[in-house]
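Content type compact mmCIF, C-alpha atoms, from the file entry-v1.txt:
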# COMPACT_ATOMS: atom_id res chain seq x y z
CA MET E 1 0.00 0.00 0.00
CA GLU E 2 1.12 3.52 -0.81
CA TRP E 3 0.66 5.33 2.48
CA SER E 4 2.70 8.36 1.45
CA VAL E 5 -0.14 9.15 -0.96
CA PHE E 6 -2.29 10.06 2.04
CA PHE E 7 0.12 12.73 3.17
CA GLU E 8 -0.10 14.43 -0.19
CA SER E 9 -3.88 14.23 -0.33
CA TRP E 10 -3.91 15.57 3.24
CA ILE E 11 -2.59 18.88 1.95
CA TRP E 12 -4.97 19.07 -1.00
CA LEU E 13 -7.98 18.17 1.15
CA GLY E 14 -7.00 20.97 3.51
CA PHE E 15 -6.81 23.49 0.68
CA ALA E 16 -10.18 22.33 -0.68
CA SER E 17 -11.80 23.00 2.72
CA LEU E 18 -9.99 26.32 3.01
CA GLY E 19 -11.36 27.49 -0.34
CA PHE E 20 -14.93 26.80 0.76
CA ALA E 21 -14.31 28.34 4.17
CA ILE E 22 -13.29 31.60 2.50
CA LEU E 23 -16.23 31.40 0.11
CA PHE E 24 -18.57 31.08 3.13
CA ASN E 25 -16.85 34.03 4.81
CA VAL E 26 -15.88 32.30 8.08
CA PRO E 27 -14.17 34.33 10.83
CA LEU E 28 -10.40 34.65 10.32
CA ARG E 29 -9.53 32.92 13.61
CA THR E 30 -11.19 29.67 12.52
CA LEU E 31 -9.39 29.26 9.18
CA TRP E 32 -6.44 27.07 10.19
CA VAL E 33 -8.68 24.84 12.30
CA ILE E 34 -10.91 24.27 9.26
CA PHE E 35 -7.83 23.39 7.17
CA LEU E 36 -6.85 20.79 9.80
CA LEU E 37 -10.36 19.34 10.25
CA GLY E 38 -10.96 19.09 6.51
CA ALA E 39 -7.62 17.37 5.99
CA LEU E 40 -8.12 14.89 8.87
CA GLY E 41 -11.72 14.02 7.97
CA GLY E 42 -10.92 13.62 4.29
CA THR E 43 -7.91 11.43 5.03
CA LEU E 44 -9.97 9.16 7.29
CA LYS E 45 -12.46 8.81 4.43
CA LEU E 46 -9.70 7.89 1.99
CA VAL E 47 -8.14 5.41 4.44
CA THR E 48 -11.52 3.77 5.05
CA MET E 49 -12.09 3.51 1.31
CA LYS E 50 -8.64 2.01 0.84
CA MET E 51 -9.41 -0.58 3.52
CA GLY E 52 -12.45 -1.56 1.47
CA GLY E 53 -15.12 0.29 3.47
CA GLY E 54 -16.77 1.94 0.48
CA ILE E 55 -17.51 5.62 -0.04
CA ILE E 56 -20.62 5.72 2.16
CA LEU E 57 -19.00 4.24 5.26
CA GLY E 58 -15.86 6.29 4.58
CA SER E 59 -17.83 9.54 4.40
CA PHE E 60 -19.66 8.63 7.58
CA PHE E 61 -16.45 8.04 9.56
CA GLY E 62 -14.83 11.14 8.09
CA ALA E 63 -17.82 13.31 8.94
CA MET E 64 -18.08 11.84 12.44
CA LEU E 65 -14.41 12.68 13.11
CA VAL E 66 -15.04 16.21 11.87
CA GLY E 67 -18.18 16.41 14.02
CA PHE E 68 -16.42 15.43 17.24
CA LEU E 69 -13.36 17.59 16.58
CA SER E 70 -15.58 20.56 15.74
CA ILE E 71 -17.03 20.44 19.27
CA SER E 72 -13.58 20.87 20.82
CA ALA E 73 -12.70 23.46 18.21
CA ALA E 74 -15.88 25.40 19.07
CA HIS E 75 -14.74 25.59 22.69
CA PHE E 76 -11.32 26.99 22.08
CA ARG E 77 -11.92 29.11 18.95
CA HIS E 78 -15.30 30.49 20.14
CA ALA E 79 -17.61 29.88 17.19
CA PRO E 80 -20.52 27.44 16.75
CA PRO E 81 -19.29 23.91 15.83
CA PHE E 82 -21.24 24.08 12.60
CA VAL E 83 -18.98 26.90 11.32
CA PHE E 84 -16.07 24.42 11.46
CA ALA E 85 -17.96 21.31 10.42
CA ILE E 86 -19.66 22.49 7.20
CA PRO E 87 -16.60 23.81 5.28
CA SER E 88 -14.64 20.74 6.44
CA VAL E 89 -17.13 18.20 5.10
CA ILE E 90 -17.90 20.11 1.88
CA PRO E 91 -14.99 18.42 0.02
CA MET E 92 -16.69 15.12 0.88
CA VAL E 93 -20.08 16.25 -0.50
CA PRO E 94 -20.77 14.06 -3.53
CA GLY E 95 -20.95 16.97 -5.96
CA ALA E 96 -19.64 14.95 -8.88
CA PHE E 97 -22.27 12.26 -8.28
CA ALA E 98 -25.02 14.86 -7.98
CA TYR E 99 -24.36 16.61 -11.27
CA ARG E 100 -23.59 13.34 -13.08
CA THR E 101 -27.05 12.17 -12.00
CA MET E 102 -28.57 15.34 -13.42
CA LEU E 103 -26.52 15.03 -16.61
CA GLY E 104 -27.67 11.41 -16.90
CA ILE E 105 -31.33 12.36 -16.48
CA ILE E 106 -31.00 15.06 -19.14
CA LYS E 107 -29.31 12.60 -21.53
CA LEU E 108 -32.03 10.01 -20.91
CA THR E 109 -34.57 12.36 -22.49
CA GLY E 110 -32.64 12.32 -25.78
CA ASP E 111 -33.12 9.82 -28.60
CA VAL E 112 -30.95 6.89 -27.54
CA ASP E 113 -31.17 3.25 -28.55
CA HIS E 114 -32.18 0.59 -26.08
CA ALA E 115 -28.71 -0.68 -25.10
CA THR E 116 -27.35 2.83 -24.44
CA PHE E 117 -30.51 3.70 -22.53
CA THR E 118 -30.09 0.75 -20.17
CA GLN E 119 -26.42 1.56 -19.59
CA LEU E 120 -27.25 5.24 -18.99
CA LEU E 121 -30.10 4.39 -16.63
CA ASP E 122 -27.79 2.07 -14.73
CA ASP E 123 -25.14 4.78 -14.25
CA THR E 124 -27.67 7.46 -13.38
CA VAL E 125 -29.42 5.41 -10.71
CA THR E 126 -26.08 4.33 -9.18
CA ASN E 127 -24.79 7.92 -9.09
CA GLY E 128 -28.04 9.25 -7.66
CA LEU E 129 -28.26 6.67 -4.89
CA LYS E 130 -24.60 7.14 -3.97
CA ALA E 131 -25.06 10.91 -3.80
CA PHE E 132 -28.10 10.55 -1.54
CA PHE E 133 -26.58 8.02 0.86
CA VAL E 134 -23.25 9.84 1.10
CA LEU E 135 -25.13 13.04 1.97
CA MET E 136 -27.14 11.20 4.59
CA ALA E 137 -23.93 9.76 6.07
CA LEU E 138 -22.37 13.23 6.15
CA ALA E 139 -25.33 14.85 7.89
CA LEU E 140 -25.58 11.99 10.38
CA GLY E 141 -21.84 12.04 11.04
CA VAL E 142 -21.65 15.78 11.60
CA SER E 143 -24.61 15.83 13.97
CA ALA E 144 -23.54 12.63 15.75
CA PRO E 145 -21.97 14.41 18.78
CA MET E 146 -25.17 16.43 19.32
CA LEU E 147 -27.40 13.40 18.88
CA LEU E 148 -25.31 11.17 21.15
CA THR E 149 -24.87 13.66 23.99
CA ARG E 150 -28.51 14.82 23.70
CA ARG E 151 -27.57 18.46 24.26
CA GLU E 152 -28.97 21.48 22.45
CA SER E 153 -25.78 23.49 22.39
CA ALA E 154 -22.09 22.66 22.18
CA LYS E 155 -21.51 24.89 25.21
CA GLN E 156 -23.14 22.26 27.41
CA ILE E 157 -20.90 19.46 26.17
CA LYS E 158 -17.87 18.95 28.39
CA VAL E 159 -14.72 18.56 26.32
CA PRO E 160 -12.15 16.09 27.68
CA LEU E 161 -10.14 17.41 30.62
CA LYS E 162 -6.84 17.64 28.79
CA ILE E 163 -8.21 20.00 26.15
CA ASP E 164 -10.10 21.92 28.84
CA GLY E 165 -6.82 22.60 30.63
CA LEU E 166 -5.34 23.90 27.39
CA ILE E 167 -8.19 26.39 26.96
CA LYS E 168 -7.90 27.70 30.49
CA LYS E 169 -4.24 28.60 29.94
CA MET T 1 -47.53 49.46 32.81
CA GLU T 2 -49.69 47.62 30.33
CA LYS T 3 -48.45 49.92 27.51
CA LEU T 4 -44.83 49.43 28.53
CA GLY T 5 -45.12 45.63 28.42
CA LEU T 6 -46.72 45.84 24.98
CA ASN T 7 -43.91 47.98 23.63
CA LEU T 8 -41.38 45.63 25.17
CA SER T 9 -42.84 42.53 23.53
CA LYS T 10 -43.23 44.38 20.21
CA GLU T 11 -39.61 45.43 20.16
CA LEU T 12 -38.42 42.01 21.31
CA SER T 13 -40.31 40.25 18.52
CA GLU T 14 -38.74 42.68 16.03
CA ILE T 15 -35.29 41.73 17.29
CA LEU T 16 -36.09 38.03 17.25
CA LEU T 17 -37.31 38.18 13.66
CA GLU T 18 -34.27 40.19 12.56
CA VAL T 19 -31.94 37.65 14.18
CA GLY T 20 -33.85 34.72 12.70
CA ALA T 21 -33.95 36.24 9.22
CA LEU T 22 -30.21 36.96 9.31
CA LEU T 23 -29.46 33.39 10.42
CA MET T 24 -31.70 31.93 7.72
CA ALA T 25 -30.09 34.08 5.04
CA SER T 26 -26.57 33.22 6.23
CA GLY T 27 -27.07 29.47 5.93
CA ALA T 28 -27.94 28.21 9.42
CA ASN T 29 -30.17 25.15 9.79
CA SER T 30 -33.64 25.31 11.31
CA SER T 31 -32.81 23.92 14.75
CA ARG T 32 -30.03 26.48 15.20
CA ILE T 33 -32.43 29.31 14.37
CA ARG T 34 -35.00 27.96 16.80
CA ILE T 35 -32.48 27.47 19.64
CA THR T 36 -30.94 30.93 19.21
CA ILE T 37 -34.31 32.70 19.16
CA MET T 38 -35.59 30.77 22.17
CA ARG T 39 -32.41 31.63 24.06
CA ILE T 40 -32.77 35.35 23.45
CA ALA T 41 -36.50 35.37 24.28
CA LYS T 42 -35.92 33.45 27.49
CA ALA T 43 -33.23 35.93 28.55
CA TYR T 44 -35.96 38.61 28.72
CA GLY T 45 -38.47 36.30 30.43
CA PHE T 46 -40.73 35.85 27.43
CA ASN T 47 -42.04 32.68 25.82
CA ALA T 48 -41.58 32.51 22.07
CA GLU T 49 -43.14 30.18 19.53
CA LEU T 50 -41.67 30.06 16.08
CA LEU T 51 -42.72 29.03 12.59
CA ILE T 52 -39.74 28.65 10.27
CA THR T 53 -40.10 28.47 6.51
CA HIS T 54 -37.59 29.07 3.75
CA ARG T 55 -38.72 32.57 2.79
CA ALA T 56 -40.55 33.84 5.89
CA LEU T 57 -40.44 33.61 9.67
CA MET T 58 -43.29 33.99 12.13
CA VAL T 59 -42.87 34.51 15.85
CA SER T 60 -45.38 34.74 18.66
CA VAL T 61 -44.08 36.30 21.84
CA SER T 62 -46.07 35.97 25.04
CA ASP T 63 -45.60 36.93 28.63
CA ASP T 64 -47.18 35.12 31.59
CA GLU T 65 -47.41 38.18 33.84
CA HIS T 66 -49.14 40.69 31.60
CA ASP T 67 -51.25 38.33 29.53
CA LEU T 68 -49.74 39.91 26.41
CA PHE T 69 -49.50 38.28 23.05
CA GLN T 70 -47.57 39.63 20.10
CA SER T 71 -47.35 37.90 16.71
CA SER T 72 -45.35 39.12 13.78
CA LEU T 73 -44.08 37.94 10.45
CA LYS T 74 -40.98 38.75 8.43
CA ARG T 75 -39.74 37.84 4.99
CA THR T 76 -36.18 36.56 4.79
CA SER T 77 -33.80 37.93 2.21
CA PRO T 78 -32.24 35.73 -0.52
CA HIS T 79 -29.73 33.25 0.80
CA GLY T 80 -25.96 33.56 0.67
CA ALA T 81 -23.60 31.80 3.04
CA ASN T 82 -22.02 34.10 5.60
CA PHE T 83 -20.65 32.18 8.58
CA ARG T 84 -19.15 35.29 10.15
CA MET T 85 -22.74 36.41 10.74
CA VAL T 86 -23.80 33.03 12.18
CA SER T 87 -20.82 32.95 14.50
CA GLY T 88 -21.33 36.56 15.56
CA ILE T 89 -25.03 36.05 16.33
CA SER T 90 -24.30 32.89 18.30
CA ARG T 91 -21.78 34.75 20.47
CA MET T 92 -24.19 37.67 20.82
CA SER T 93 -26.98 35.37 22.04
CA TRP T 94 -24.73 34.07 24.82
CA ARG T 95 -23.65 37.56 25.80
CA ILE T 96 -27.30 38.63 25.97
CA VAL T 97 -27.90 35.83 28.47
CA ASP T 98 -24.72 36.41 30.49
CA GLU T 99 -24.44 40.21 30.48
CA ASP T 100 -28.10 41.39 30.53
CA TRP T 101 -27.94 43.48 27.38
CA ASN T 102 -30.60 46.07 26.60
CA PHE T 103 -32.25 46.40 23.20
CA GLU T 104 -30.04 49.26 21.99
CA GLN T 105 -26.96 47.16 22.59
CA ILE T 106 -28.47 44.33 20.54
CA TRP T 107 -29.33 46.62 17.63
CA GLY T 108 -25.83 48.07 17.80
CA GLU T 109 -24.29 44.59 17.65
CA ILE T 110 -26.58 43.52 14.78
CA ASN T 111 -25.60 46.60 12.78
CA ARG T 112 -21.94 45.97 13.55
CA LEU T 113 -22.23 42.35 12.34
CA LYS T 114 -24.00 43.50 9.17
CA SER T 115 -21.18 45.94 8.38
CA LEU T 116 -18.40 43.36 8.88
CA PRO T 117 -16.30 43.08 5.72
CA HIS T 118 -16.09 40.02 3.50
CA TYR T 119 -12.71 38.71 2.45
CA PRO T 120 -11.05 40.73 -0.34
CA ARG T 121 -12.30 39.65 -3.74
CA LEU T 122 -8.93 38.58 -5.10
CA ILE T 123 -8.29 36.37 -2.07
CA VAL T 124 -11.72 34.71 -2.41
CA LEU T 125 -11.18 34.11 -6.12
CA SER T 126 -7.68 32.69 -5.74
CA THR T 127 -8.36 30.43 -2.73
CA VAL T 128 -11.51 29.00 -4.30
CA ALA T 129 -9.54 28.44 -7.51
CA LEU T 130 -6.85 26.72 -5.43
CA ALA T 131 -9.59 24.53 -3.94
CA GLY T 132 -10.66 23.65 -7.49
CA ALA T 133 -7.09 22.69 -8.36
CA SER T 134 -6.92 20.60 -5.17
CA PHE T 135 -10.07 18.72 -6.17
CA CYS T 136 -8.50 18.06 -9.55
CA ARG T 137 -5.38 16.65 -7.86
CA LEU T 138 -7.53 14.45 -5.58
CA PHE T 139 -9.35 13.05 -8.60
CA GLY T 140 -5.99 12.13 -10.09
CA GLY T 141 -5.08 15.03 -12.39
CA GLY T 142 -1.51 16.21 -13.00
CA PRO T 143 -0.04 19.75 -12.90
CA VAL T 144 -1.43 20.78 -16.29
CA GLU T 145 -4.96 19.67 -15.37
CA MET T 146 -4.65 21.46 -12.03
CA LEU T 147 -3.73 24.67 -13.83
CA VAL T 148 -6.74 24.30 -16.14
CA ALA T 149 -9.03 23.68 -13.15
CA PHE T 150 -7.52 26.71 -11.38
CA VAL T 151 -8.16 29.06 -14.30
CA ALA T 152 -11.64 27.63 -15.00
CA THR T 153 -12.69 28.00 -11.35
CA PHE T 154 -11.22 31.49 -11.08
CA ILE T 155 -13.05 32.80 -14.14
CA GLY T 156 -16.25 30.89 -13.35
CA LEU T 157 -16.46 32.36 -9.86
CA PHE T 158 -15.70 35.81 -11.27
CA VAL T 159 -18.59 35.43 -13.72
CA ARG T 160 -20.85 34.27 -10.90
CA GLN T 161 -20.00 37.29 -8.74
CA GLU T 162 -20.58 39.66 -11.66
CA VAL T 163 -23.98 38.24 -12.65
CA THR T 164 -25.07 38.02 -9.01
CA ARG T 165 -24.31 41.73 -8.67
CA ARG T 166 -26.54 42.42 -11.68
CA ASN T 167 -29.44 40.72 -9.83
CA PHE T 168 -30.05 37.81 -12.16
CA ASN T 169 -32.07 34.86 -10.94
CA GLY T 170 -29.93 32.80 -8.54
CA TYR T 171 -30.11 29.58 -10.55
CA LEU T 172 -29.32 31.47 -13.75
CA CYS T 173 -26.18 32.86 -12.08
CA ILE T 174 -25.05 29.31 -11.35
CA PHE T 175 -25.81 28.28 -14.91
CA PHE T 176 -23.66 31.13 -16.27
CA ALA T 177 -20.81 30.26 -13.92
CA SER T 178 -20.98 26.58 -14.80
CA LEU T 179 -21.06 27.42 -18.51
CA ALA T 180 -18.03 29.73 -18.19
CA SER T 181 -16.01 27.14 -16.27
CA CYS T 182 -16.93 24.33 -18.64
CA LEU T 183 -16.14 26.40 -21.73
CA ILE T 184 -12.59 26.87 -20.41
CA SER T 185 -11.99 23.33 -19.16
CA GLY T 186 -13.86 21.91 -22.18
CA ALA T 187 -11.42 23.70 -24.49
CA SER T 188 -8.60 21.76 -22.88
CA VAL T 189 -10.47 18.51 -23.58
CA LYS T 190 -11.13 19.57 -27.18
CA LEU T 191 -7.50 20.59 -27.78
CA ASN T 192 -6.20 17.62 -25.77
CA VAL T 193 -4.04 19.64 -23.38
CA GLY T 194 -2.21 17.46 -20.85
CA THR T 195 -2.65 13.72 -20.33
CA GLU T 196 -6.11 13.44 -18.74
CA PRO T 197 -8.05 16.65 -19.51
CA GLU T 198 -11.33 14.96 -18.47
CA TYR T 199 -10.36 15.33 -14.82
CA ALA T 200 -10.10 19.10 -15.18
CA PHE T 201 -13.49 19.15 -16.94
CA ALA T 202 -15.17 17.15 -14.17
CA THR T 203 -13.67 19.14 -11.29
CA SER T 204 -13.89 22.67 -12.69
CA VAL T 205 -17.52 23.07 -11.53
CA LEU T 206 -17.14 21.60 -8.04
CA TYR T 207 -16.99 25.05 -6.40
CA LEU T 208 -20.67 25.46 -7.36
CA ILE T 209 -21.95 22.34 -5.58
CA PRO T 210 -24.85 23.17 -3.27
CA GLY T 211 -23.10 21.88 -0.14
CA ILE T 212 -24.89 24.05 2.41
CA PRO T 213 -28.44 23.49 1.07
CA LEU T 214 -27.90 19.73 0.82
CA ILE T 215 -26.28 19.24 4.24
CA ASN T 216 -28.80 21.57 5.91
CA SER T 217 -31.56 19.68 4.13
CA LEU T 218 -30.47 16.35 5.57
CA SER T 219 -29.84 17.75 9.03
CA ASP T 220 -33.31 19.36 9.01
CA LEU T 221 -34.83 16.04 7.94
CA LEU T 222 -32.98 14.22 10.74
CA ASP T 223 -34.22 16.83 13.16
CA GLY T 224 -37.86 16.33 12.21
CA ASN T 225 -38.27 19.58 10.27
CA ILE T 226 -39.44 17.58 7.28
CA MET T 227 -40.95 20.49 5.36
CA ASN T 228 -37.84 22.66 5.62
CA GLY T 229 -35.68 19.67 4.74
CA ILE T 230 -37.65 18.98 1.57
CA VAL T 231 -37.61 22.66 0.56
CA ARG T 232 -33.86 22.96 1.05
CA GLY T 233 -33.27 19.65 -0.73
CA THR T 234 -35.31 20.78 -3.73
CA ASN T 235 -33.32 24.00 -3.82
CA GLY T 236 -30.11 21.93 -3.87
CA LEU T 237 -31.43 19.74 -6.67
CA ILE T 238 -32.31 22.73 -8.84
CA ILE T 239 -28.78 24.09 -8.30
CA ALA T 240 -27.38 20.69 -9.36
CA PHE T 241 -29.63 20.88 -12.42
CA ALA T 242 -28.30 24.36 -13.27
CA ILE T 243 -24.71 23.08 -13.02
CA ALA T 244 -25.48 20.05 -15.19
CA PHE T 245 -27.26 22.24 -17.74
CA GLY T 246 -24.21 24.50 -18.05
CA MET T 247 -22.01 21.44 -18.54
CA LEU T 248 -24.37 19.99 -21.12
CA CYS T 249 -24.38 23.24 -23.12
CA SER T 250 -20.59 23.30 -23.29
CA ILE T 251 -20.51 19.59 -24.22
CA LEU T 252 -22.87 20.38 -27.10
CA ILE T 253 -20.87 23.46 -28.15
CA TYR T 254 -17.56 21.58 -28.28
CA ASN T 255 -19.15 18.32 -29.38
CA ILE T 256 -17.07 16.26 -26.91

Let's see the structure in the file written out as structure tokens.
Amino acid sequence: MEWSVFFESWIWLGFASLGFAILFNVPLRTLWVIFLLGALGGTLKLVTMKMGGGIILGSFFGAMLVGFLSISAAHFRHAPPFVFAIPSVIPMVPGAFAYRTMLGIIKLTGDVDHATFTQLLDDTVTNGLKAFFVLMALALGVSAPMLLTRRESAKQIKVPLKIDGLIKK
Amino acid sequence: MEKLGLNLSKELSEILLEVGALLMASGANSSRIRITIMRIAKAYGFNAELLITHRALMVSVSDDEHDLFQSSLKRTSPHGANFRMVSGISRMSWRIVDEDWNFEQIWGEINRLKSLPHYPRLIVLSTVALAGASFCRLFGGGPVEMLVAFVATFIGLFVRQEVTRRNFNGYLCIFFASLASCLISGASVKLNVGTEPEYAFATSVLYLIPGIPLINSLSDLLDGNIMNGIVRGTNGLIIAFAIAFGMLCSILIYNI
């Protein structure tokens, strides 16, 4: 296995999150945290996929890591966890699947012969289902900390003692 | 006394609606809007009930002591992600609870948040273009494809900002941007620049993906706000359609 590949993709995943963070106009103090979260979450997704977990499970684990880390980040960078979590998971959003589904649907309306139609329908349905389930996994993963701790706000979630000590300093 | 309480609840509901509308327009999900508004209302000892829809908000503020009841409605402005606003309002809501702010202070803070600057245009354009190049690398493109994706994203986003400023329909803006990006990256496919120009073509529109509507849609659905979830999801689908339509047009133009 080529593990060094992950280090390279780590950097690119970080930049991808950073681009979206700037597009969404996040506060300046949160930028480097978003770079880190996006890179870590994306790498976990890639590792899971390499281990044979598939894109849906990979996205779920990646988003869950981002979700939990965003709670700690919210405590020590003073912004809602969602400000960190959304730009970080955006690179994992199945954008390519979503527009390929749309492209497929548009092409299906054209005059195509039976064999091409079946092939096209096959691809379109696969892309569409993947896009939907990946999105579901992302949303579930990001909100997992809130759902599991049954709190309404990240302020009420105690971060582990070690990190807490770091904030107090 | 009765008059004073009425004025109080009237002004409070105005603030609540302003805060809710700003959150909705900046890309917060429904449960965050509800929690923030409840928190502010509770800080002043009022009960608030809220109806959240995509384009309008309705709040009913009531007070146990005075038997007062104030309902009001507000339209929300068109959506555009602005997390600095969401973060600022969230901090403000906690400070209202902790520091007993009066209404003038809240209005002052809201106006301050509204006047906060966005990132400089050149920085936005170049970092988003860098993100496009990163996507291209992650899909497996080489340096030449990354450069194509960079330029296509840069110009596409520039086109989107320009048409948005001219108040075109939101979906039409995305169509124009997608078309511009695909015309540039499609040219590299047509002229066979680099080894795998298809990667640049596929990744040059990724900056347009409706990430916030789709994620908010699913998190609203999980939260039980089914209506809002469906509305946001439909919005995301139409954006995906606009992107695909722009791609399709450039595919037809270049015949690739």

Practice problem: Write down, as a VMD selection string, each residue of chain E that has any atom within 6 Å of an atom of chain T, counting all atoms listed in the file. | Solution: chain E and resid 12 15 to 16 19 24 to 27 79 to 80 90 95 99 102 to 103 139

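Relative to CA of Gly52 in chain E, CA of Ala131 in chain E is found at 18.5 Å.
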
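Between CA of Val93 in chain E and CA of Leu135 in chain E the interatomic distance comes to 6.5 Å.
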
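We find CA of Ser17 in chain E and CA of Pro87 in chain E to be spaced 5.5 Å apart.
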
Quiz prompt | Answer as a list of chain:residue names, residues within 12 Å of (-27.8, 43.5, 23.9) using only C-alpha atoms | solution = T:Leu12, T:Ile15, T:Leu16, T:Ile40, T:Ala41, T:Ala43, T:Tyr44, T:Ile89, T:Arg91, T:Met92, T:Ser93, T:Trp94, T:Arg95, T:Ile96, T:Val97, T:Asp98, T:Glu99, T:Asp100, T:Trp101, T:Asn102, T:Phe103, T:Glu104, T:Gln105, T:Ile106, T:Trp107, T:Gly108, T:Glu109, T:Ile110, T:Asn111

Those same residues - C-alpha atoms - I'd like them written as an mmCIF file, in the coordinates of the input.
data_model
loop_
_atom_site.group_PDB
_atom_site.id
_atom_site.type_symbol
_atom_site.label_atom_id
_atom_site.label_comp_id
_atom_site.auth_asym_id
_atom_site.auth_seq_id
_atom_site.Cartn_x
_atom_site.Cartn_y
_atom_site.Cartn_z
ATOM 1 C CA LEU T 12 -38.420 42.010 21.310
ATOM 2 C CA ILE T 15 -35.290 41.730 17.290
ATOM 3 C CA LEU T 16 -36.090 38.030 17.250
ATOM 4 C CA ILE T 40 -32.770 35.350 23.450
ATOM 5 C CA ALA T 41 -36.500 35.370 24.280
ATOM 6 C CA ALA T 43 -33.230 35.930 28.550
ATOM 7 C CA TYR T 44 -35.960 38.610 28.720
ATOM 8 C CA ILE T 89 -25.030 36.050 16.330
ATOM 9 C CA ARG T 91 -21.780 34.750 20.470
ATOM 10 C CA MET T 92 -24.190 37.670 20.820
ATOM 11 C CA SER T 93 -26.980 35.370 22.040
ATOM 12 C CA TRP T 94 -24.730 34.070 24.820
ATOM 13 C CA ARG T 95 -23.650 37.560 25.800
ATOM 14 C CA ILE T 96 -27.300 38.630 25.970
ATOM 15 C CA VAL T 97 -27.900 35.830 28.470
ATOM 16 C CA ASP T 98 -24.720 36.410 30.490
ATOM 17 C CA GLU T 99 -24.440 40.210 30.480
ATOM 18 C CA ASP T 100 -28.100 41.390 30.530
ATOM 19 C CA TRP T 101 -27.940 43.480 27.380
ATOM 20 C CA ASN T 102 -30.600 46.070 26.600
ATOM 21 C CA PHE T 103 -32.250 46.400 23.200
ATOM 22 C CA GLU T 104 -30.040 49.260 21.990
ATOM 23 C CA GLN T 105 -26.960 47.160 22.590
ATOM 24 C CA ILE T 106 -28.470 44.330 20.540
ATOM 25 C CA TRP T 107 -29.330 46.620 17.630
ATOM 26 C CA GLY T 108 -25.830 48.070 17.800
ATOM 27 C CA GLU T 109 -24.290 44.590 17.650
ATOM 28 C CA ILE T 110 -26.580 43.520 14.780
ATOM 29 C CA ASN T 111 -25.600 46.600 12.780
#

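Counting only C-alpha atoms, Gly14 in chain E has the following residues at most 7 Å away, ignoring those fewer than 4 positions along the same chain: E:Trp10, E:Leu18, E:Phe35, E:Leu36, E:Gly38, E:Ala39.
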
Using the file's own x, y and z axes, so that the box edges lie along x, y and z, what centre and edge lengths in Å (one decimal) does a box around every listed atom of range 189-206 of chain T get when 8 Å is added on each side? Give it as AutoDock Vina command-line options.
--center_x -9.9 --center_y 18.3 --center_z -17.9 --size_x 31.3 --size_y 25.6 --size_z 35.7

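Across T:Ser72, T:Gln161, T:Ser9, T:Ser115, the tightest approach to Asn47 in chain T is made by T:Ser9 when counting only C-alpha atoms.
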
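The closest residue to Gly156 in chain T, picked from T:Glu49, T:Leu179, T:Gly233, T:Cys249 and counting only C-alpha atoms, is T:Leu179.
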
Practice problem: Counting only C-alpha atoms, write as an MDAnalysis selection string all protein and nucleic acid residues lying at most 8 Å from (-48.2, 38.4, 29.6) in the file's frame. | Solution: chainID T and resid 5 62:69

Quiz item: Can you tell me, as a list in words, what residues are no more than 9 Å from Phe6 in chain E when counting all atoms listed in the file, ignoring any on the same chain fewer than 3 positions away?
Solution: Glu2, Trp3, Ser9, Trp10, Ile11, Thr43, Leu46 and Val47 of chain E

Exercise. Pick out the closest residue to Leu31 in chain E from this set: E:Phe7, E:Phe60, E:Phe68, E:Phe84. Count only C-alpha atoms.
Key: E:Phe84
